[in-house]
Structure formats: C-alpha cells, structure tokens
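S.K.: The structure under discussion is supplied below as structure tokens; questions concerning it will follow.
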Amino acid sequence: MQYSEDYTLAEMMCVAGAREFPKSGVVLLGMGLPVITGVLAKMLHAPEIAICTEVGAFDYLPRADIPRASIGIHDIILNDGSAMVSDMVDALGSLLMGGNVDFGVLSAAQVDRFGNLNTLVIGDYRDPERRLGGTGGNTEIACLAPRVMTLMPQERRRFVPRVDFNTSPGYIDGPGARKRAGLEGQGANIVVSTVGVFGFDTADGGETGSCEMVLEAVFANLSPEVAQSECGWDLRLAPTVAELEPPTVEEISLLRRLDPYQFYVTPGRY
Amino acid sequence: MQYSEDYTLAEMMCVAGAREFPKSGVVLLGMGLPVITGVLAKMLHAPEIAICTEVGAFDYLPRADIPRASIGIHDIILNDGSAMVSDMVDALGSLLMGGNVDFGVLSAAQVDRFGNLNTLVIGDYRDPERRLGGTGGNTEIACLAPRVMTLMPQERRRFVPRVDFNTSPGYIDGPGARKRAGLEGQGANIVVSTVGVFGFDTADGGETGSCEMVLEAVFANLSPEVAQSECGWDLRLAPTVAELEPPTVEEISLLRRLDPYQFYVTPGRY
Amino acid sequence: MTARDAIARFVDDGDTIYAGYTCIAFGLCYEIIRQRKKRLEVVGGSVGQQATLMILGGCVDRVRSGYLGGALRPGVITEMMSDGRLRYEDYSNQGIALMLMAGALGIPFIPTRSFLGTDYLRPEFAEHPGAYLGDQKWAEMESPFDGQKVVLLPALRPDVAVLHAQRADEEGNVHAWGHQGDSKWAYWAAKKVIVSAEEIVPSSAIRSDPSRTIVPGFRVSAVVHMPWGGHPTSITGYYDYDYGFHARAMRAVTRSVEAYEAFAAEWIHGVEDHAAYMAHYREVFGQEAIDRLVATDGPEPELPVRYTHAPTLGLG
Amino acid sequence: MTARDAIARFVDDGDTIYAGYTCIAFGLCYEIIRQRKKRLEVVGGSVGQQATLMILGGCVDRVRSGYLGGALRPGVITEMMSDGRLRYEDYSNQGIALMLMAGALGIPFIPTRSFLGTDYLRPEFAEHPGAYLGDQKWAEMESPFDGQKVVLLPALRPDVAVLHAQRADEEGNVHAWGHQGDSKWAYWAAKKVIVSAEEIVPSSAIRSDPSRTIVPGFRVSAVVHMPWGGHPTSITGYYDYDYGFHARAMRAVTRSVEAYEAFAAEWIHGVEDHAAYMAHYREVFGQEAIDRLVATDGPEPELPVRYTHAPTLGLG
C-alpha cells in the first residue's frame, strides 16, 4: 500500500468518508459530496452496498471504465448500471420511509453538537442573514434513515453550537428527544470533516449518553486542536483520538478520476 | 340498417348498454358484462372514448381483427392496443380518485330503487344467506365516478327495494344523501337490464327529485309491465316509455365475435 | 433457489401472504399447499384461484381482500366463512392497494374517499362473525385542511409477497411488463418478497433497461426460476389464462372437499414441483394444449430505447 | 401544437406550475418567459434553473418546493425573497412528492413521518415573511391505529405541469425512461399537462410498449415536438447536461438584474422559439459543442419484451 503524498484535506474528507461506509446494505446518497464519496466507497471498499439516490436510481453499479461520478443525483449517468430506475416516491417513499435504507449520507451548511443539520437558512428564519437552496431530501434522510453520515468541511461557521434552523434532526437536544418527536431513536452517527471523523456519545442510539458529537480520529498530521479551533463549542474527545491512515495513491487517483471536471473537490471550495 | 331477428335479451342488454355510452371521455369498465359491452361500444358507437380498467389498462384500442373481448379485466389481451399499461393505484387512484373518469360501468348482484348496488352478500351481512365474491373495484367506481351505468339482468331477486348490503352507493336513501356522506352528488345515472333502460328521477345529480329509478325505455316487443313484474318495488315510469330499436345484425354479430367462448352471454347465465 | 427451499425458508405458519390477481405466483402457491403451511392470512385487492386452493388446502384461516373468487358461488369456501374456519375482512380493490401503498411508504394510514356512503362503515356490521381486525380496520375523520370527510385505511405490511414475473436476474432484480394490479406496492410493503420468473437472465440484461425493473434485488428474499410459474393464469408475452384447464380439472374444487382432495392429489401433492406439474399436464392434455396457450399474438415494441449519456458533459 | 400556442392557450397568469428537477421542460419554460406570464406559483420537490429564470423573468411570485437552486447563493433571487417580491413555502423533496401524490389520488392530505423533530414545525416560524399558506401548510396528528405521530401534508394540484420526455404520439401518450423524480405524480396531479418531446412517433409505436408509457394522452392538454427541449439540462438517451453552457452563458444570471437581462435578451427574447435558440447555440458555440452533449455512451437494452397473448385462451 502506497500512501499519497499530494492530497488536499477535502480529498481526505472524501477518502475518510468512503472508508466509513458499511460493507453491505442499502445506502441512500444525498446531494453533493455524498455522491462522489459513495461511488468511491462502492468501487474501492464496499462493493456489496446498494447505492440509491432520491431521484430514482436503485443499486447503482459504477462500471469499471466509468467516465465520471455522477454530477449531482439527477445526472443521467446514474441510469448506466443501476438495477432499477424509477422515481422519488419509490426512493424517498418506499425505500426510505418504508424502512429499507441502512445508511444515509448527507452534507449541509451547518452541523451542531447533537448532529442536527441545517440546509435552509443562516440566521433567523424570519429575517435571515443568508438564504440557502433548501433541504431537498436531506430532511427525509435525517428523519428516517437509521444511520447517517454527514460530510462537512471543518469550519467554525459550519460547526455551530446550535444550527440556525434544524432542517434535519440528529439527536435534536439530547437523549430521548428523537423518540419524543415521533422518530426512531438513532439519528446521526458519523460526521466526517476536513480534519477528522466524529461519532456521538450515546451507547444506544439516542436513549442515553450526552448524544453530543465526539472526535474519534484525526487525519494524518492533524491534531484535535485543529478540530477544536474550527468548532464553535467545547468539543468532546474520545479517550483516545486515533490518527487515520493517509490516503493511498489508489484512493486519490480514483477520486480524481471520478471528478474530472472538479465539480466536487476544487481548491478553495472546501 | 338491418335488424337482427335472432337474439337473446341478454344480448340486447349488452347492445342497449353499448348504445348508452358517451361519445367521448374516459370510461372505467368494471368486471364482467361492462367489459364486453364497453368493447362493443368502442368498436361500434363511441370510437373516441378512452377505455380503462382498474387493473391498469389505459385507453384500450381493440384492433380490427380482435380475437375476443377480454375475459375479465385481468386478461393480458388488454395489453394489446392500450396506450398505457400500469397498475391499480394509477387506475383506481390517479385516474378514478383523481377525478379523471367520466363514466363508470358496473354490474352487481342487486340494485335498488336508489341505484345502490350490492356485490357482497345476500341476506344479513352478519348471518348471510349467501356470500358473494366481493366488490373488487365496484365500491370505488360507484363512490367516485361522476356518472355510472349498471348492467343487470331484470330479475325480482336482483331489483330489490333495498339492497341487502350497500357496497356501492347510488343515491343511498334519496336526495342529498350522497353529499351528506361526503361524496359528490351525482351517483348512478343509468341502469340497463334485460328488459329496458332506466334513468333516475333527479334533475340535478341527487340534490332534488325522488332520486328513484325510472323506466325510460323498453326493448322491442316488451312492455313496462315486464319490467314491473321482475322488480321488487313499484317502479316509476317515464311519462313516455320509449321502445328501443332492436339490435342490428352488425351489433349482434360483433357481440358474438367478441364472445367466442360464451363467457359473457350464455343461455341461462343471464 | 428452488421453490421448495424458498417457501420452506421464507414462509412461516401464521404469516400474512400477499397473493393478488395479476402477476400470480401460482407455482409458489402450489408449493405453499404442498408444504401444508398453516394459519396463513391471505391479502390482496382481489385474490384469485390460487388463494382458493390455499384455503381449501387448509393453509389459510384469514382473508383480507376486496374479492375472493372462491366465494363467488356456494360451496366449501362459503361454508368455511359461515362456520368460522375462515375469517375475513372485506375491503375493496383500491382499499387494499392503498393499504399496501401506506405499508410501503411506512406511514401508519392513508385516507380515501371510497367507502363513504356504503354499508361497510355501518357500526352494526363491525362485529360480523368473520371479523378479526376490530378497530384496526379503518377510521373516519375530516380533513383539517378542507373539512372533507375521509376514511383512514391502516397500513398493510404482509410478511411475504409471492409474485410471478417475466424475468429476473440471480440478484432478484425483476423485469415485468403488462398490467400489474396492486403488485407493485406489495413488492415494497412486504417484509419478504419471493419472486418466481419465467426466465433468469444475466444481471447486465436487467441493468441495460433499468426502467423496466419493478423491484430491486435487495428487496427480494428469493428468486425462483419457474417456467410456466403462473399457470393456469397468464403472463404477458408468455402464455395465456388456461380456461380449458379451469374447466376440465379445476372447476369443481370449491364444490366439495372430495373434489378438492382429488384435484390436489393429482396436481399438487401428486407432483414434486412445478416442472413435474407441467410434465403431468403434458401427459394428460398433450403438448397441443400447451401450444394453444403460448402467447404468439399481439405487439412487440416497435421502437428501441437508449439509456446513453455523454461521456464528457460537453466539457471534454 | 407549437410551444407558443401551447403556453398561450394553457398557461394563465396566476397559475400554479409544476416544474421539477428531472424531465425538465426547459424549452417550455423559456416560452413562458418569452410570453411574459405573470404571478405564477412554481412548485416541485426541487426546482432547477428553469424556475430561476422564470423568477428572474418576472413571471413568478410564489415558490413551494424543497429546493430552489437560484437561492443557493446570494443574489437577485435571495433579494426578492427578503423584500417580499418572491414569497416561498419551504417543504422538502418528498414532502412535495407526497403532496403531488395526494393531489393525484384526489385525497385531501397524506401523512408523513418526515419533518418530525425539525424546526419547520415550530409555530414561531409559521409567520415568516415569505409565508402564504397559513394553516393550509401542514398539520400534525396521531394515528388512530397506533398513536404514531405524523405530519399531514395537504394535497397539491398544480394548474399546469410542464414536462419533457423522450417521445410521445400526437395524442399525447408519452414514453419516458430514466429516473423520473417527482414527475409521475405531477402528470396526474396537474389539471393541465403540457409535454414537450424529443420525438413524435406513431401511436402504434407507443401502444406497442404500453408499460413504457408514463401518462395517457387523455391527461395531456398539449404535446409539442421539441428536439433538445430539455437543453441545457439532460434527457436520458438523447443528450447530457450542458455544464459548459451553464458556465459560459448562464452562470451569472442570479448575480444582477443586468446579467439576467443580457442572458434573456440573447437566449430567450432574442430567439423566436426553441429551434431558433438551438440554431443560435450552434452559431455561438459551434456544432462540436452540440456533438459533445449527444448521449453516445452507456447501455442499450439487451433483451426485447413481448406483449403477446394467445388468440384462443387454450379453447380454440
């Protein structure tokens, strides 16, 4: 195994995210980084997973000579290799609402200590500093997938104590909150940033523990302090914060091959 | 135009029913006699109608050399010529519940003076004399189609003052009853029996009038008395009860061609 | 997987089984009878002759449907309904279809405007002798948005759906075409799906036309290669309904226990699997009876489709 | 029918228009702008660049969606949202899809378990400046069957759905394949449907593969033959998303009114129809830019299907 010596932290975020995919089961990929990360995972680490999108692709199988990862989830290249292609009610409805998703992958503008996401607005919803595009299917996936991974650049403006608007519930405001709201208990499980990988302090899917985000590992040559410096609250650290393996040459070269037009990982974008 | 001199009253029921079809619009055909009657209508009288079934055939176009009318609504011959073939939620849901049906055609075991139908049970539901197959999509069509035609042999056990079990509302128990139940006001409009054709005494789709069945026309060589003798209540007669044209040779010969195995019109069956 | 293994492994006594009126997995239902499964509930908008046989075979004690063909005429089935051996809850085709849809969508209920104005909703009929759902059958309410009266139908999630389709791959990805009845929502609503298919094809063939797929393989617990698996019912493009068989061999089954037993001894328990059943059919009725069923008439698609994309997005 | 006639006849000022994220009828939306329709409401799970242009073109004053691409970055659209020229009601992709489904099914509402636990439901946010639905936005209740909390979403019935598909016949029967987003339910929910198609084919070709049909002609008010009618978005099997055009001609439109006006003057009002638009595209960017978009890569179906049946039902 040869490690890459030339990579960005945004690339490492995708690589680390891809490594966190489960080895099997049904994965629903949200807009943006989840798509390329999911294709990377499927091709390198988790060939058995069934990749699905909310627009209607089911069990997407990237072919070996794939010219690109799909740009967004509406890219027609997703018809090439999928076992089934239908529509949003099948995908967000029968698939997700029906309980057939094992793992959801999201990105957002903000995440908070309880893993709640915000895709809608910065500032007060009634008088926003900045309006965003909107949640798409992010809300559904956060509400209904039993496990969720979120990919998000580590920036203080993104890692906030409380999201300005909770579009996509993690553990909401602590243990038991999801069940009180009428959701299943699990919520957000993993956050991968440009610094490291986070879990959540709950042993039983949101029933007990603080349900707060916990830094579990950092990228090579980075320290927990970097994460803390770009985080808006006092970050919990795992008893031992591991250091992740650097990306391999294979990981980085495939990632770049999947992103020939630099839609996903461009300098300055993340 | 040459009239047939050799036909049964069951055949005339189909012929008379076919003549009552609208000239255009979307028609939803229930199980049994509605199917062959609808195909007859489409081929002879109403080429512009779009024939649909609850199983999922939309705008069925019988080809000129059709070997048979479909046997039931699940017959795969309905795939041959349909503009769209999908499923029951599309057909009874988006099509019918969504308000896209202009005319529904039904049959049943019983009909009463208000045009209510019974497809479920003879006698008390809690201790029936006889159990029937069940309503299929009959209930939906009667509840939700804006106009309904029912085909039913004229027999006293079928034309009853009150259906033993109202599976399929006509005017329920008189003016205003459909609206009170939460349905649109129109309900049953036409009944075609083996004796004649009936309308309903309501000028405005169930708001006023008695909403009772009215004999409007009888088949050639039959009198209103025949209808009354095979009807369990005092039948209302239109001011002038017309006599229908006998079936033409063309009507009878096509009808028989559409029913080569005598599934629909067999002596003794109706 | 063989039908024997699939039914043995995935159908448990007491299960709720979806078995519909189109895409009928007749061969799988024969196998359920062959294995003498017990206390099943059969559900489906309309349920056809395969349900009748499962009831007569002693496999079923509950039916939730809009139409039970076996009850159309007096006989063993109607006797079972009146003496309590077969309990039943009457809905309608669309009622069940919507309940399966709600089950598929993971929502606890779905409203409909059907049933309003009918006797189904009369309280005095709620306690009929066949009843087993009680207040879980339906509910009435008014829409908070416009006051419209609606009937709420509870979600229906069968334990198993058995379905027959034209072709599938080894992963269970299924291509089907022709009218589908309520089967699509059953594929998603059921906890386990068992598919029999006329043909098993390479996965690449399924994936080359993914809009033809009606259920992805990860929803399918078992796929069984079973030519003529819908017989004596039909499957678009392969063979037609065998009314001749119905008239010659099957018609009497509801009339008496003995008639059913005779049929089952010959056609279900007397053959080891569906291939043997079809071989017996050939012996009894001759190859020409089979040939007459083969679907030779009707259209083939005139135009191809393409799933192509540009390799470069116009940027290359 | 021409796009001009279809839009003139079937889109009225004040209408609610479905315009989604897949099957995008970009050419029809250009025509809506060309005709300077007013006070439209745009709805769709996610609404893409065609909605952005209609808003910038002054055609739209309300958006009901889960995602509005034009608001992704600060600029004219977000200014319009903050100063009240563009009102908005935020849902989600599946929220809108389910609302369209409820509209299609003629039921007044449909439950979902999404939105629970989010800030969308917080009462203090109901009165945001963009709001226009009030208590018709959603409601909460508990299932009478199991006590499950649900959000009730009201039915959505757009006045018009505009959609683009691969092929249709003159009657409006539409063949489409590839992922469909929420378009299927919009076809049924909308009071009027306007379809543009890459190809107009004989009705016999549509009817020879009726399971490929996604809407029957009687639901379609107008069908327009419009090659490249989805440009600059993609359509499976025909051409890909034109990110080059997006980068070269379209990217700036939300940044200033002037940038939009310049784009519109050249690409919308400066051409008489979509054919002229594509001709202009060819002049500006060359045939090779078009050629790069053509969908040449990817699968074609490996296996045919048959819709045949037996002529005699085994009885002949």
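Within each chain, counting starts at residue 1; across the structure tokens, chains are named A, B, ... in the order shown, with ligands numbered 1 upward in that order.
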I need the helix (DSSP H, G or I) residues of region 92-127 of chain D per DSSP on the backbone, written as JSON, numbers by chain.
M.R.: {"D": [93, 94, 95, 96, 97, 98, 99, 100, 101, 102, 103, 104, 105, 119, 120, 121, 123, 124, 125]}
S.K.: Which neighbours of region 57-67 of chain D fall inside 7 Å, counting only C-alpha atoms, when residues of the same chain fewer than 2 positions from it are skipped, and could you give them as a PyMOL selection string?
M.R.: (chain A and resi 133-136) or (chain D and resi 33+36-47+53-55+69+85-93+96)
S.K.: Any chance you could list, as an NGL selection string, the residues in region 31-270 of chain A that come up strand (DSSP E or B) when DSSP is run on the backbone?
M.R.: :A and (50-53 or 57-58 or 60 or 84-85 or 103-107 or 110-111 or 117-118 or 121-124 or 127-131 or 148-151 or 159 or 168 or 188-192 or 196-200 or 213-218 or 236-243 or 248)
S.K.: What are the nearest atom pairs, with distances in Å to one decimal, for all residues of chain C that come at most 7 Å from chain D, using only C-alpha atoms, set out by chain and rising residue number as JSON lines?
M.R.:
{"residue": "C:Ile107", "atom": "CA", "partner": "D:Thr112", "partner_atom": "CA", "distance": 6.0}
{"residue": "C:Pro108", "atom": "CA", "partner": "D:Ser143", "partner_atom": "CA", "distance": 6.4}
{"residue": "C:Ile110", "atom": "CA", "partner": "D:Ile110", "partner_atom": "CA", "distance": 6.3}
{"residue": "C:Pro111", "atom": "CA", "partner": "D:Ile107", "partner_atom": "CA", "distance": 6.4}
{"residue": "C:Thr112", "atom": "CA", "partner": "D:Ile107", "partner_atom": "CA", "distance": 6.0}
{"residue": "C:Arg113", "atom": "CA", "partner": "D:Ile107", "partner_atom": "CA", "distance": 6.9}
{"residue": "C:Gln136", "atom": "CA", "partner": "D:Phe145", "partner_atom": "CA", "distance": 5.8}
{"residue": "C:Ser143", "atom": "CA", "partner": "D:Pro108", "partner_atom": "CA", "distance": 6.4}
{"residue": "C:Phe145", "atom": "CA", "partner": "D:Gln136", "partner_atom": "CA", "distance": 5.8}
{"residue": "C:Pro154", "atom": "CA", "partner": "D:Phe145", "partner_atom": "CA", "distance": 6.8}
{"residue": "C:Trp177", "atom": "CA", "partner": "D:Ser211", "partner_atom": "CA", "distance": 5.7}
{"residue": "C:Gly178", "atom": "CA", "partner": "D:Ser211", "partner_atom": "CA", "distance": 6.0}
{"residue": "C:Ala205", "atom": "CA", "partner": "D:Glu302", "partner_atom": "CA", "distance": 5.2}
{"residue": "C:Ser208", "atom": "CA", "partner": "D:Pro301", "partner_atom": "CA", "distance": 4.7}
{"residue": "C:Asp209", "atom": "CA", "partner": "D:Pro301", "partner_atom": "CA", "distance": 5.0}
{"residue": "C:Ser211", "atom": "CA", "partner": "D:Trp177", "partner_atom": "CA", "distance": 5.7}
{"residue": "C:Thr236", "atom": "CA", "partner": "D:Tyr307", "partner_atom": "CA", "distance": 5.5}
{"residue": "C:Gly237", "atom": "CA", "partner": "D:Thr308", "partner_atom": "CA", "distance": 4.2}
{"residue": "C:Tyr239", "atom": "CA", "partner": "D:His309", "partner_atom": "CA", "distance": 6.2}
{"residue": "C:Asp240", "atom": "CA", "partner": "D:Ala310", "partner_atom": "CA", "distance": 5.5}
{"residue": "C:Tyr241", "atom": "CA", "partner": "D:Leu313", "partner_atom": "CA", "distance": 5.9}
{"residue": "C:Asp242", "atom": "CA", "partner": "D:Gly314", "partner_atom": "CA", "distance": 5.9}
{"residue": "C:Tyr243", "atom": "CA", "partner": "D:Leu313", "partner_atom": "CA", "distance": 6.4}
{"residue": "C:Gly244", "atom": "CA", "partner": "D:Leu315", "partner_atom": "CA", "distance": 5.8}
{"residue": "C:Ala289", "atom": "CA", "partner": "D:Gly314", "partner_atom": "CA", "distance": 6.4}
{"residue": "C:Arg292", "atom": "CA", "partner": "D:Gly314", "partner_atom": "CA", "distance": 4.7}
{"residue": "C:Leu293", "atom": "CA", "partner": "D:Gly314", "partner_atom": "CA", "distance": 4.9}
{"residue": "C:Val294", "atom": "CA", "partner": "D:Ala310", "partner_atom": "CA", "distance": 5.5}
{"residue": "C:Ala295", "atom": "CA", "partner": "D:His309", "partner_atom": "CA", "distance": 3.9}
{"residue": "C:Thr296", "atom": "CA", "partner": "D:Thr308", "partner_atom": "CA", "distance": 5.6}
{"residue": "C:Asp297", "atom": "CA", "partner": "D:Thr308", "partner_atom": "CA", "distance": 5.0}
{"residue": "C:Gly298", "atom": "CA", "partner": "D:Thr308", "partner_atom": "CA", "distance": 4.3}
{"residue": "C:Pro299", "atom": "CA", "partner": "D:Ser208", "partner_atom": "CA", "distance": 5.3}
{"residue": "C:Glu300", "atom": "CA", "partner": "D:Arg306", "partner_atom": "CA", "distance": 4.9}
{"residue": "C:Pro301", "atom": "CA", "partner": "D:Ser208", "partner_atom": "CA", "distance": 4.7}
{"residue": "C:Glu302", "atom": "CA", "partner": "D:Ala205", "partner_atom": "CA", "distance": 5.3}
{"residue": "C:Leu303", "atom": "CA", "partner": "D:Ala205", "partner_atom": "CA", "distance": 6.3}
{"residue": "C:Val305", "atom": "CA", "partner": "D:Glu300", "partner_atom": "CA", "distance": 6.8}
{"residue": "C:Arg306", "atom": "CA", "partner": "D:Gly237", "partner_atom": "CA", "distance": 4.7}
{"residue": "C:Tyr307", "atom": "CA", "partner": "D:Gly237", "partner_atom": "CA", "distance": 4.5}
{"residue": "C:Thr308", "atom": "CA", "partner": "D:Gly237", "partner_atom": "CA", "distance": 4.2}
{"residue": "C:His309", "atom": "CA", "partner": "D:Ala295", "partner_atom": "CA", "distance": 3.9}
{"residue": "C:Ala310", "atom": "CA", "partner": "D:Ala295", "partner_atom": "CA", "distance": 4.1}
{"residue": "C:Pro311", "atom": "CA", "partner": "D:Asp297", "partner_atom": "CA", "distance": 6.0}
{"residue": "C:Thr312", "atom": "CA", "partner": "D:Arg292", "partner_atom": "CA", "distance": 6.9}
{"residue": "C:Leu313", "atom": "CA", "partner": "D:Asp240", "partner_atom": "CA", "distance": 5.8}
{"residue": "C:Gly314", "atom": "CA", "partner": "D:Arg292", "partner_atom": "CA", "distance": 4.7}
{"residue": "C:Leu315", "atom": "CA", "partner": "D:Gly244", "partner_atom": "CA", "distance": 5.8}
S.K.: Residues near Glu199 (chain C), anyone? I mean within 9 Å using only C-alpha atoms, not counting same-chain ones fewer than 3 positions away, as a PDB file with N, CA, C and O atoms, in the first residue's frame.
M.R.:
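Result saved to result-v9.pdb:
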ATOM      1  N   ALA C 165     -43.123 -13.110 -12.396  1.00  0.00           N
ATOM      2  CA  ALA C 165     -42.770 -12.083 -13.375  1.00  0.00           C
ATOM      3  C   ALA C 165     -42.120 -12.721 -14.597  1.00  0.00           C
ATOM      4  O   ALA C 165     -41.784 -13.911 -14.593  1.00  0.00           O
ATOM      5  N   GLN C 166     -41.938 -11.891 -15.601  1.00  0.00           N
ATOM      6  CA  GLN C 166     -41.379 -12.401 -16.843  1.00  0.00           C
ATOM      7  C   GLN C 166     -39.917 -12.813 -16.693  1.00  0.00           C
ATOM      8  O   GLN C 166     -39.516 -13.859 -17.171  1.00  0.00           O
ATOM      9  N   ARG C 167     -39.117 -11.941 -16.077  1.00  0.00           N
ATOM     10  CA  ARG C 167     -37.715 -12.318 -15.958  1.00  0.00           C
ATOM     11  C   ARG C 167     -37.070 -11.622 -14.768  1.00  0.00           C
ATOM     12  O   ARG C 167     -37.511 -10.565 -14.330  1.00  0.00           O
ATOM     13  N   ALA C 168     -36.009 -12.242 -14.291  1.00  0.00           N
ATOM     14  CA  ALA C 168     -35.261 -11.692 -13.163  1.00  0.00           C
ATOM     15  C   ALA C 168     -33.820 -12.143 -13.306  1.00  0.00           C
ATOM     16  O   ALA C 168     -33.504 -13.051 -14.088  1.00  0.00           O
ATOM     17  N   ASP C 169     -32.940 -11.473 -12.576  1.00  0.00           N
ATOM     18  CA  ASP C 169     -31.562 -11.958 -12.530  1.00  0.00           C
ATOM     19  C   ASP C 169     -31.342 -12.695 -11.201  1.00  0.00           C
ATOM     20  O   ASP C 169     -32.246 -12.773 -10.360  1.00  0.00           O
ATOM     21  N   SER C 196     -41.048 -15.689  -8.483  1.00  0.00           N
ATOM     22  CA  SER C 196     -40.748 -16.703  -9.487  1.00  0.00           C
ATOM     23  C   SER C 196     -40.747 -16.011 -10.843  1.00  0.00           C
ATOM     24  O   SER C 196     -41.455 -15.028 -11.049  1.00  0.00           O
ATOM     25  N   HIS C 225     -36.424 -19.786 -10.511  1.00  0.00           N
ATOM     26  CA  HIS C 225     -36.654 -19.953 -11.950  1.00  0.00           C
ATOM     27  C   HIS C 225     -37.778 -20.962 -12.144  1.00  0.00           C
ATOM     28  O   HIS C 225     -37.653 -22.121 -11.749  1.00  0.00           O
ATOM     29  N   MET C 226     -38.883 -20.513 -12.711  1.00  0.00           N
ATOM     30  CA  MET C 226     -40.052 -21.370 -12.810  1.00  0.00           C
ATOM     31  C   MET C 226     -40.823 -21.097 -14.097  1.00  0.00           C
ATOM     32  O   MET C 226     -41.787 -20.314 -14.096  1.00  0.00           O
ATOM     33  N   PRO C 227     -40.407 -21.726 -15.191  1.00  0.00           N
ATOM     34  CA  PRO C 227     -41.186 -21.567 -16.428  1.00  0.00           C
ATOM     35  C   PRO C 227     -42.622 -22.036 -16.196  1.00  0.00           C
ATOM     36  O   PRO C 227     -42.845 -23.017 -15.476  1.00  0.00           O
TER      37      PRO C 227
END
S.K.: Please build the interface table for chain A against chain D with a cut-off of 7 Å, listing for each qualifying residue the nearest atom pair and the distance in Å to one decimal; count only C-alpha atoms, order rows by chain and increasing number, and write it as a Markdown table.
M.R.:
| residue | atom | partner | partner_atom | distance |
| --- | --- | --- | --- | --- |
| A:Val55 | CA | D:Gly181 | CA | 4.5 |
| A:Gly56 | CA | D:His179 | CA | 5.0 |
| A:Ala57 | CA | D:His179 | CA | 6.3 |
| A:His74 | CA | D:Thr22 | CA | 6.5 |
| A:Ile76 | CA | D:Thr236 | CA | 5.6 |
| A:Asn79 | CA | D:Gly178 | CA | 6.0 |
| A:Asp80 | CA | D:Gly298 | CA | 5.7 |
| A:Val85 | CA | D:His179 | CA | 5.2 |
| A:Ser86 | CA | D:His179 | CA | 5.0 |
| A:Asp87 | CA | D:Gly181 | CA | 4.7 |
| A:Met88 | CA | D:Gly181 | CA | 4.6 |
| A:Val89 | CA | D:Ala97 | CA | 6.4 |
| A:Leu92 | CA | D:Gln94 | CA | 6.2 |
| A:Tyr125 | CA | D:Phe125 | CA | 6.9 |
| A:Arg126 | CA | D:His128 | CA | 4.6 |
| A:Arg130 | CA | D:Pro74 | CA | 7.0 |
| A:Arg131 | CA | D:Thr78 | CA | 6.3 |
| A:Leu132 | CA | D:Leu72 | CA | 4.6 |
| A:Gly133 | CA | D:Leu72 | CA | 4.0 |
| A:Gly134 | CA | D:Tyr67 | CA | 4.2 |
| A:Thr135 | CA | D:Gly66 | CA | 5.7 |
| A:Gly136 | CA | D:Asn93 | CA | 4.8 |
| A:Gly137 | CA | D:Asn93 | CA | 5.0 |
| A:Thr139 | CA | D:Phe115 | CA | 6.7 |
| A:Glu140 | CA | D:Ser114 | CA | 5.3 |
| A:Cys143 | CA | D:Ser114 | CA | 5.7 |
| A:Leu144 | CA | D:Ser114 | CA | 6.9 |
| A:Phe165 | CA | D:Asp119 | CA | 6.0 |
| A:Asn166 | CA | D:Asp119 | CA | 5.1 |
| A:Thr167 | CA | D:Thr118 | CA | 5.3 |
| A:Ser168 | CA | D:Thr118 | CA | 6.1 |
| A:Pro169 | CA | D:Thr118 | CA | 5.9 |
| A:Ile172 | CA | D:Gly117 | CA | 6.9 |
| A:Arg178 | CA | D:Gly117 | CA | 6.6 |
| A:Ala181 | CA | D:Gly117 | CA | 5.0 |
| A:Gly182 | CA | D:Lys149 | CA | 5.4 |
| A:Leu183 | CA | D:Leu116 | CA | 6.7 |
S.K.: Residues near region 61-63 of chain B, anyone? I mean within 12 Å using only C-alpha atoms, not counting same-chain ones fewer than 2 positions away, as number ranges by chain.
M.R.: B: 35-36, 38-44, 46-52, 57-59, 65-70, 77-84, 258; C: 297-299; D: 203-204, 207-208, 210
S.K.: Pick out the residues sitting within 8 Å of Val160 (chain C), and hand them over as an mmCIF file with N, CA and C atoms, in the first residue's frame; count only C-alpha atoms, and ignore anything fewer than 3 positions along from it in its own chain.
M.R.:
data_model
loop_
_atom_site.group_PDB
_atom_site.id
_atom_site.type_symbol
_atom_site.label_atom_id
_atom_site.label_comp_id
_atom_site.auth_asym_id
_atom_site.auth_seq_id
_atom_site.Cartn_x
_atom_site.Cartn_y
_atom_site.Cartn_z
ATOM 1 N N PHE C 10 -38.836 -19.066 3.763
ATOM 2 C CA PHE C 10 -39.354 -17.706 3.934
ATOM 3 C C PHE C 10 -40.837 -17.605 4.260
ATOM 4 N N VAL C 11 -41.552 -18.698 4.237
ATOM 5 C CA VAL C 11 -42.967 -18.650 4.624
ATOM 6 C C VAL C 11 -43.138 -19.432 5.913
ATOM 7 N N ASP C 15 -48.074 -16.561 8.877
ATOM 8 C CA ASP C 15 -47.709 -15.363 8.119
ATOM 9 C C ASP C 15 -48.900 -14.764 7.359
ATOM 10 N N THR C 16 -48.770 -13.474 7.091
ATOM 11 C CA THR C 16 -49.676 -12.792 6.176
ATOM 12 C C THR C 16 -49.026 -12.781 4.797
ATOM 13 N N ILE C 17 -49.758 -13.328 3.817
ATOM 14 C CA ILE C 17 -49.202 -13.502 2.467
ATOM 15 C C ILE C 17 -49.959 -12.644 1.484
ATOM 16 N N TYR C 18 -49.242 -11.829 0.731
ATOM 17 C CA TYR C 18 -49.874 -11.140 -0.392
ATOM 18 C C TYR C 18 -49.933 -12.087 -1.584
ATOM 19 N N ALA C 190 -44.226 -5.677 1.555
ATOM 20 C CA ALA C 190 -43.988 -6.957 2.225
ATOM 21 C C ALA C 190 -42.615 -6.987 2.880
ATOM 22 N N LYS C 191 -42.557 -7.672 4.001
ATOM 23 C CA LYS C 191 -41.258 -7.801 4.685
ATOM 24 C C LYS C 191 -40.336 -8.716 3.889
ATOM 25 N N LYS C 192 -40.911 -9.750 3.277
ATOM 26 C CA LYS C 192 -40.114 -10.647 2.433
ATOM 27 C C LYS C 192 -40.817 -10.786 1.087
ATOM 28 N N VAL C 193 -40.056 -10.823 0.021
ATOM 29 C CA VAL C 193 -40.619 -10.970 -1.322
ATOM 30 C C VAL C 193 -40.023 -12.217 -1.957
ATOM 31 N N ILE C 194 -40.902 -13.091 -2.433
ATOM 32 C CA ILE C 194 -40.446 -14.268 -3.175
ATOM 33 C C ILE C 194 -40.949 -14.132 -4.599
#
